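J.: Let me give you the structure first, and then I'll get to my questions.
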Amino acid sequence: MDGGAQQSSPREPPGPGSVELEGVPSERDGGEGPPELKRSQPRFIHGSSRPVLPEEPRASSLPTIPNPFPELCSPSNSPILSSPTLGPGPPREGASHVVKVFGEDGACRSLEASAGTTARQLCETLVRRTRALQDHSWALVELHQHLALERCLEDHESVVEVQSSWAPGADSRFVFRKNFAKYELFKSNASLFPEVMVSSCLEANKSMAHSELIQNFLNSGSCPEVQGFLHLREAGRKVWKRFYFSLRRSGLYYSTKGTSKDPRHLQYFADLTESNIYYVTQGKKHYGTPTEFGFCIKPYKVRSGVKGLKLLCSEDEQSRSCWMAAFRLFKYGMQLYRNYQQAQARLSQPPWIGPTPLRSVSDNALVAMDFSGCTGRVIENPSEVLTVALEEAQAWRKKTTHRYSLPAACQSSPLSAAIHRTQPWFHGRISREDTQQLIGRQGLVDGVFLVRESQRNPKGFVLSLCHLQRVKHYLILPSEEEGRLYFTMDDGQTRFADLIQLVEFHQINRGILPCKLRHYCTCVAL
């Protein structure tokens, strides 16, 4: 600040979504400060700390009529009133920054965030504003369209710090969407690590439980390695070569002589602590990858351009998921597990304790109930739950029309034939290719699904389901019998009055599907 100006007392910066309405008088060059502003009159928050020159507008030029919408008075025609300086470099402590977040439909929303705002806090704000169901699968994705790279931000990462690392003018953005694979590595039924790729399993010559394997990754005393063949793009060339890689706590190495792990043959390739790992979304188009399962290690110092990127390519989706999960575990360690525990704790909170809305049906919110008596009860005995589920599955297969078909008077109602359009899992006339891309972006986890209209059968529908990291499609056909309309996937063996009934049944029972329906793909409008 200039020598003639006295430094004013520090003030707390405005919180997210707030604007500064009161003018705080300050002394300028020994003179008196401007007259105190009324609370209803907005004051622009200057990004510079220089003294206000005399020719700048005074308080007397502001309207005297109270403004009922002070948040609309930003000079940039934005509902955000914040610091206009958002250039490259580390974020300033206490300063407010504008963060633009895009939805999957391309719509954009601007949010005000402080330097310490994390990805989880920003996601919770967007969940509240979009009135979406809260669960830990909502994520903020860093997308570099000009490089065809994307990654999911960890819950503890600073959004402003990530944004400040982007090159000016680069086509980079944040995208708000689901990511069901975010914490799949901490679930006991996950199969992310093939035994042939984990050194501890090979040395022990036996299979290892998934929970034990995760503990070894998180334990700083143990040193499991992930190893396998990867295609490597040589620097400055478009040639891909196949090498044997080893991922350790100290970094990523590749062998210059077959599968040898002798120190003389190991070449240091990348540092985990100074890099981020990204999915390559269009590898064959942008980089000529041998397969579609590419990923990239991007050092922090690389701000723009292809130069400096370490491009790799695996043989299949399973091996790529293994490398990506191991990279996250080695880099973040216990911090990643604490993020998962905090996410689980937020789901277990009643809605009146915190701002967390109700849980999603996709996160095992369904419980077994018994309504045979006067009042319903929750079935807590696991064996009784299994028995009830089997009985329910058999009952659904009975060819009784009076219980599982709509009344005859309602068959011609347009509501019964179009009620599925109101459901978040229905995506209308989306193509097969777009369906596979959407499910792939939201996580190739068992049970991720959506329902769409069939492109080949004008009256039919398709249930697209992910199982074993592959998307499968099941045709749903409408049929009429004795004037009653029903939907079926197994030539009439199991009938449903509408698509909602079909989806709800397969959320509880597997039926003819390889797994139950667990998570539905959804896109929210920002």
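Going by the structure tokens order, chains are called A, B, ..., each with residues numbered from 1, while ligands are numbered from 1 in the order shown.
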Apply DSSP to the structure's backbone, then extract all residues of stretch 112-244 of chain A labelled strand (DSSP E) and return them as JSON, numbers by chain.

T.: {"A": [112, 113, 114, 138, 139, 140, 141, 142, 143, 144, 149, 150, 151, 152, 172, 173, 174, 175, 176, 177, 178, 226, 227, 228, 229, 230, 231, 232, 233, 240, 241, 242, 243, 244]}

J.: For the selection you just gave me, I'd like the residues written to a file as a CSV table (one decimal), in the first residue's frame, keeping N, CA and C atoms.

T.:
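Everything below was put into out-v8.csv:
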chain,number,residue,atom,x,y,z
A,112,GLU,N,-19.0,-18.6,-6.1
A,112,GLU,CA,-17.9,-17.9,-5.4
A,112,GLU,C,-17.3,-18.9,-4.4
A,113,ALA,N,-15.9,-18.9,-4.4
A,113,ALA,CA,-15.2,-19.9,-3.5
A,113,ALA,C,-14.0,-19.2,-2.9
A,114,SER,N,-13.7,-19.5,-1.7
A,114,SER,CA,-12.4,-19.0,-1.1
A,114,SER,C,-11.3,-20.0,-1.5
A,138,TRP,N,-21.4,-38.0,-6.1
A,138,TRP,CA,-21.3,-36.7,-6.9
A,138,TRP,C,-19.8,-36.3,-6.8
A,139,ALA,N,-19.3,-35.8,-8.0
A,139,ALA,CA,-17.9,-35.5,-8.1
A,139,ALA,C,-17.7,-34.3,-9.0
A,140,LEU,N,-16.5,-33.7,-8.8
A,140,LEU,CA,-16.1,-32.6,-9.6
A,140,LEU,C,-15.0,-33.1,-10.5
A,141,VAL,N,-15.2,-33.0,-11.8
A,141,VAL,CA,-14.2,-33.6,-12.8
A,141,VAL,C,-13.5,-32.4,-13.4
A,142,GLU,N,-12.2,-32.6,-13.4
A,142,GLU,CA,-11.3,-31.6,-14.2
A,142,GLU,C,-11.1,-32.1,-15.6
A,143,LEU,N,-11.6,-31.3,-16.5
A,143,LEU,CA,-11.6,-31.7,-17.9
A,143,LEU,C,-10.8,-30.7,-18.8
A,144,HIS,N,-9.8,-31.3,-19.5
A,144,HIS,CA,-9.0,-30.6,-20.5
A,144,HIS,C,-9.4,-31.0,-21.9
A,149,LEU,N,-8.1,-35.1,-21.8
A,149,LEU,CA,-7.8,-35.6,-20.5
A,149,LEU,C,-8.9,-35.2,-19.5
A,150,GLU,N,-9.1,-36.1,-18.6
A,150,GLU,CA,-10.0,-35.8,-17.5
A,150,GLU,C,-9.7,-36.6,-16.3
A,151,ARG,N,-10.0,-36.1,-15.1
A,151,ARG,CA,-9.8,-36.8,-13.8
A,151,ARG,C,-10.8,-36.3,-12.8
A,152,CYS,N,-11.1,-37.1,-11.9
A,152,CYS,CA,-12.0,-36.8,-10.8
A,152,CYS,C,-11.2,-36.2,-9.6
A,172,SER,N,-10.1,-25.6,-20.5
A,172,SER,CA,-10.2,-26.4,-19.3
A,172,SER,C,-11.4,-26.0,-18.5
A,173,ARG,N,-12.0,-26.9,-17.9
A,173,ARG,CA,-13.2,-26.6,-17.1
A,173,ARG,C,-13.5,-27.7,-16.0
A,174,PHE,N,-14.4,-27.3,-15.1
A,174,PHE,CA,-14.9,-28.3,-14.1
A,174,PHE,C,-16.3,-28.8,-14.6
A,175,VAL,N,-16.5,-30.1,-14.4
A,175,VAL,CA,-17.8,-30.7,-14.8
A,175,VAL,C,-18.3,-31.4,-13.5
A,176,PHE,N,-19.6,-31.1,-13.2
A,176,PHE,CA,-20.3,-31.7,-12.1
A,176,PHE,C,-21.1,-32.9,-12.6
A,177,ARG,N,-20.8,-34.1,-12.1
A,177,ARG,CA,-21.5,-35.3,-12.5
A,177,ARG,C,-21.2,-36.4,-11.5
A,178,LYS,N,-21.9,-37.5,-11.8
A,178,LYS,CA,-21.7,-38.7,-10.9
A,178,LYS,C,-20.4,-39.4,-11.3
A,226,VAL,N,2.5,-52.8,-8.1
A,226,VAL,CA,1.7,-53.1,-9.2
A,226,VAL,C,2.5,-53.2,-10.4
A,227,GLN,N,2.4,-54.2,-11.2
A,227,GLN,CA,3.3,-54.5,-12.3
A,227,GLN,C,2.5,-55.1,-13.5
A,228,GLY,N,3.0,-54.8,-14.6
A,228,GLY,CA,2.4,-55.3,-15.9
A,228,GLY,C,2.9,-54.6,-17.1
A,229,PHE,N,2.5,-55.1,-18.2
A,229,PHE,CA,2.9,-54.5,-19.5
A,229,PHE,C,2.0,-53.3,-19.8
A,230,LEU,N,2.6,-52.2,-20.3
A,230,LEU,CA,1.9,-51.1,-20.8
A,230,LEU,C,2.5,-50.6,-22.1
A,231,HIS,N,1.7,-50.0,-22.9
A,231,HIS,CA,2.2,-49.3,-24.1
A,231,HIS,C,2.7,-47.9,-23.8
A,232,LEU,N,3.9,-47.5,-24.2
A,232,LEU,CA,4.4,-46.2,-23.9
A,232,LEU,C,4.7,-45.4,-25.2
A,233,ARG,N,4.2,-44.2,-25.2
A,233,ARG,CA,4.5,-43.4,-26.4
A,233,ARG,C,5.8,-42.6,-26.1
A,240,TRP,N,4.6,-46.1,-30.5
A,240,TRP,CA,4.2,-46.7,-29.2
A,240,TRP,C,5.0,-48.0,-29.0
A,241,LYS,N,5.6,-48.2,-27.9
A,241,LYS,CA,6.4,-49.4,-27.6
A,241,LYS,C,5.9,-50.0,-26.3
A,242,ARG,N,6.0,-51.3,-26.2
A,242,ARG,CA,5.5,-52.1,-25.0
A,242,ARG,C,6.6,-52.3,-24.0
A,243,PHE,N,6.4,-51.9,-22.8
A,243,PHE,CA,7.4,-52.1,-21.7
A,243,PHE,C,6.7,-52.7,-20.5
A,244,TYR,N,7.6,-53.3,-19.6
A,244,TYR,CA,7.1,-53.9,-18.4
A,244,TYR,C,7.3,-52.8,-17.3

J.: Give me the residues within 7 Å of A:Leu218 as a ChimeraX atom specification, counting only C-alpha atoms and dropping any in the same chain fewer than 4 places off.

T.: /A:214,329,333-334

J.: May I have the residues within 9 Å of A:Trp425 as a PyMOL selection string, using only C-alpha atoms and disregarding those fewer than 3 positions away in the same chain?

T.: chain A and resi 420-422+449-452+520-522

J.: Let's see if you can do this: from backbone DSSP, list all alpha helix (DSSP H) residues in stretch 204-248 of chain A, as a VMD selection string.

T.: chain A and resid 204 210 to 218

J.: Using only C-alpha atoms, which residues sit within 6 Å of stretch 254-259 of chain A once same-chain residues fewer than 6 positions away are excluded, as a list of chain:residue names?

T.: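 Residues near the query, excluding close chain neighbours: A:Tyr244, A:Phe245, A:His265, A:Leu266, A:Gln267.
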
J.: Generate the output file for the selected residues, N, CA, C and O atoms, as a PDB file, in the first residue's frame.

T.:
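Written out: result.pdb:
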ATOM      1  N   TYR A 244       7.565 -53.304 -19.641  1.00  0.00           N
ATOM      2  CA  TYR A 244       7.091 -53.866 -18.377  1.00  0.00           C
ATOM      3  C   TYR A 244       7.279 -52.809 -17.282  1.00  0.00           C
ATOM      4  O   TYR A 244       8.407 -52.390 -17.002  1.00  0.00           O
ATOM      5  N   PHE A 245       6.171 -52.374 -16.667  1.00  0.00           N
ATOM      6  CA  PHE A 245       6.200 -51.287 -15.688  1.00  0.00           C
ATOM      7  C   PHE A 245       6.015 -51.825 -14.274  1.00  0.00           C
ATOM      8  O   PHE A 245       5.370 -52.866 -14.068  1.00  0.00           O
ATOM      9  N   HIS A 265      18.326 -52.511 -14.851  1.00  0.00           N
ATOM     10  CA  HIS A 265      17.434 -52.483 -16.006  1.00  0.00           C
ATOM     11  C   HIS A 265      16.203 -51.599 -15.785  1.00  0.00           C
ATOM     12  O   HIS A 265      15.407 -51.435 -16.709  1.00  0.00           O
ATOM     13  N   LEU A 266      16.036 -51.075 -14.571  1.00  0.00           N
ATOM     14  CA  LEU A 266      14.862 -50.253 -14.280  1.00  0.00           C
ATOM     15  C   LEU A 266      15.136 -48.796 -14.612  1.00  0.00           C
ATOM     16  O   LEU A 266      16.151 -48.227 -14.180  1.00  0.00           O
ATOM     17  N   GLN A 267      14.243 -48.202 -15.346  1.00  0.00           N
ATOM     18  CA  GLN A 267      14.351 -46.796 -15.734  1.00  0.00           C
ATOM     19  C   GLN A 267      13.265 -45.999 -15.015  1.00  0.00           C
ATOM     20  O   GLN A 267      12.087 -46.340 -15.089  1.00  0.00           O
TER      21      GLN A 267
END

J.: Quick one, how far is atom CA of A:Lys187 from atom CA of A:Ser137?

T.: 13.6 Å

J.: Could you check which of A:Tyr337, A:Ser464, A:Leu477, A:Phe505 is closest to A:Leu438, using only C-alpha atoms?

T.: A:Ser464

J.: Select, from A:Val162, A:Ala418, A:Leu465, A:Leu444, the residue with the minimum atom-to-atom distance to A:Asn179, counting only C-alpha atoms.

T.: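 Closest candidate: A:Leu444.
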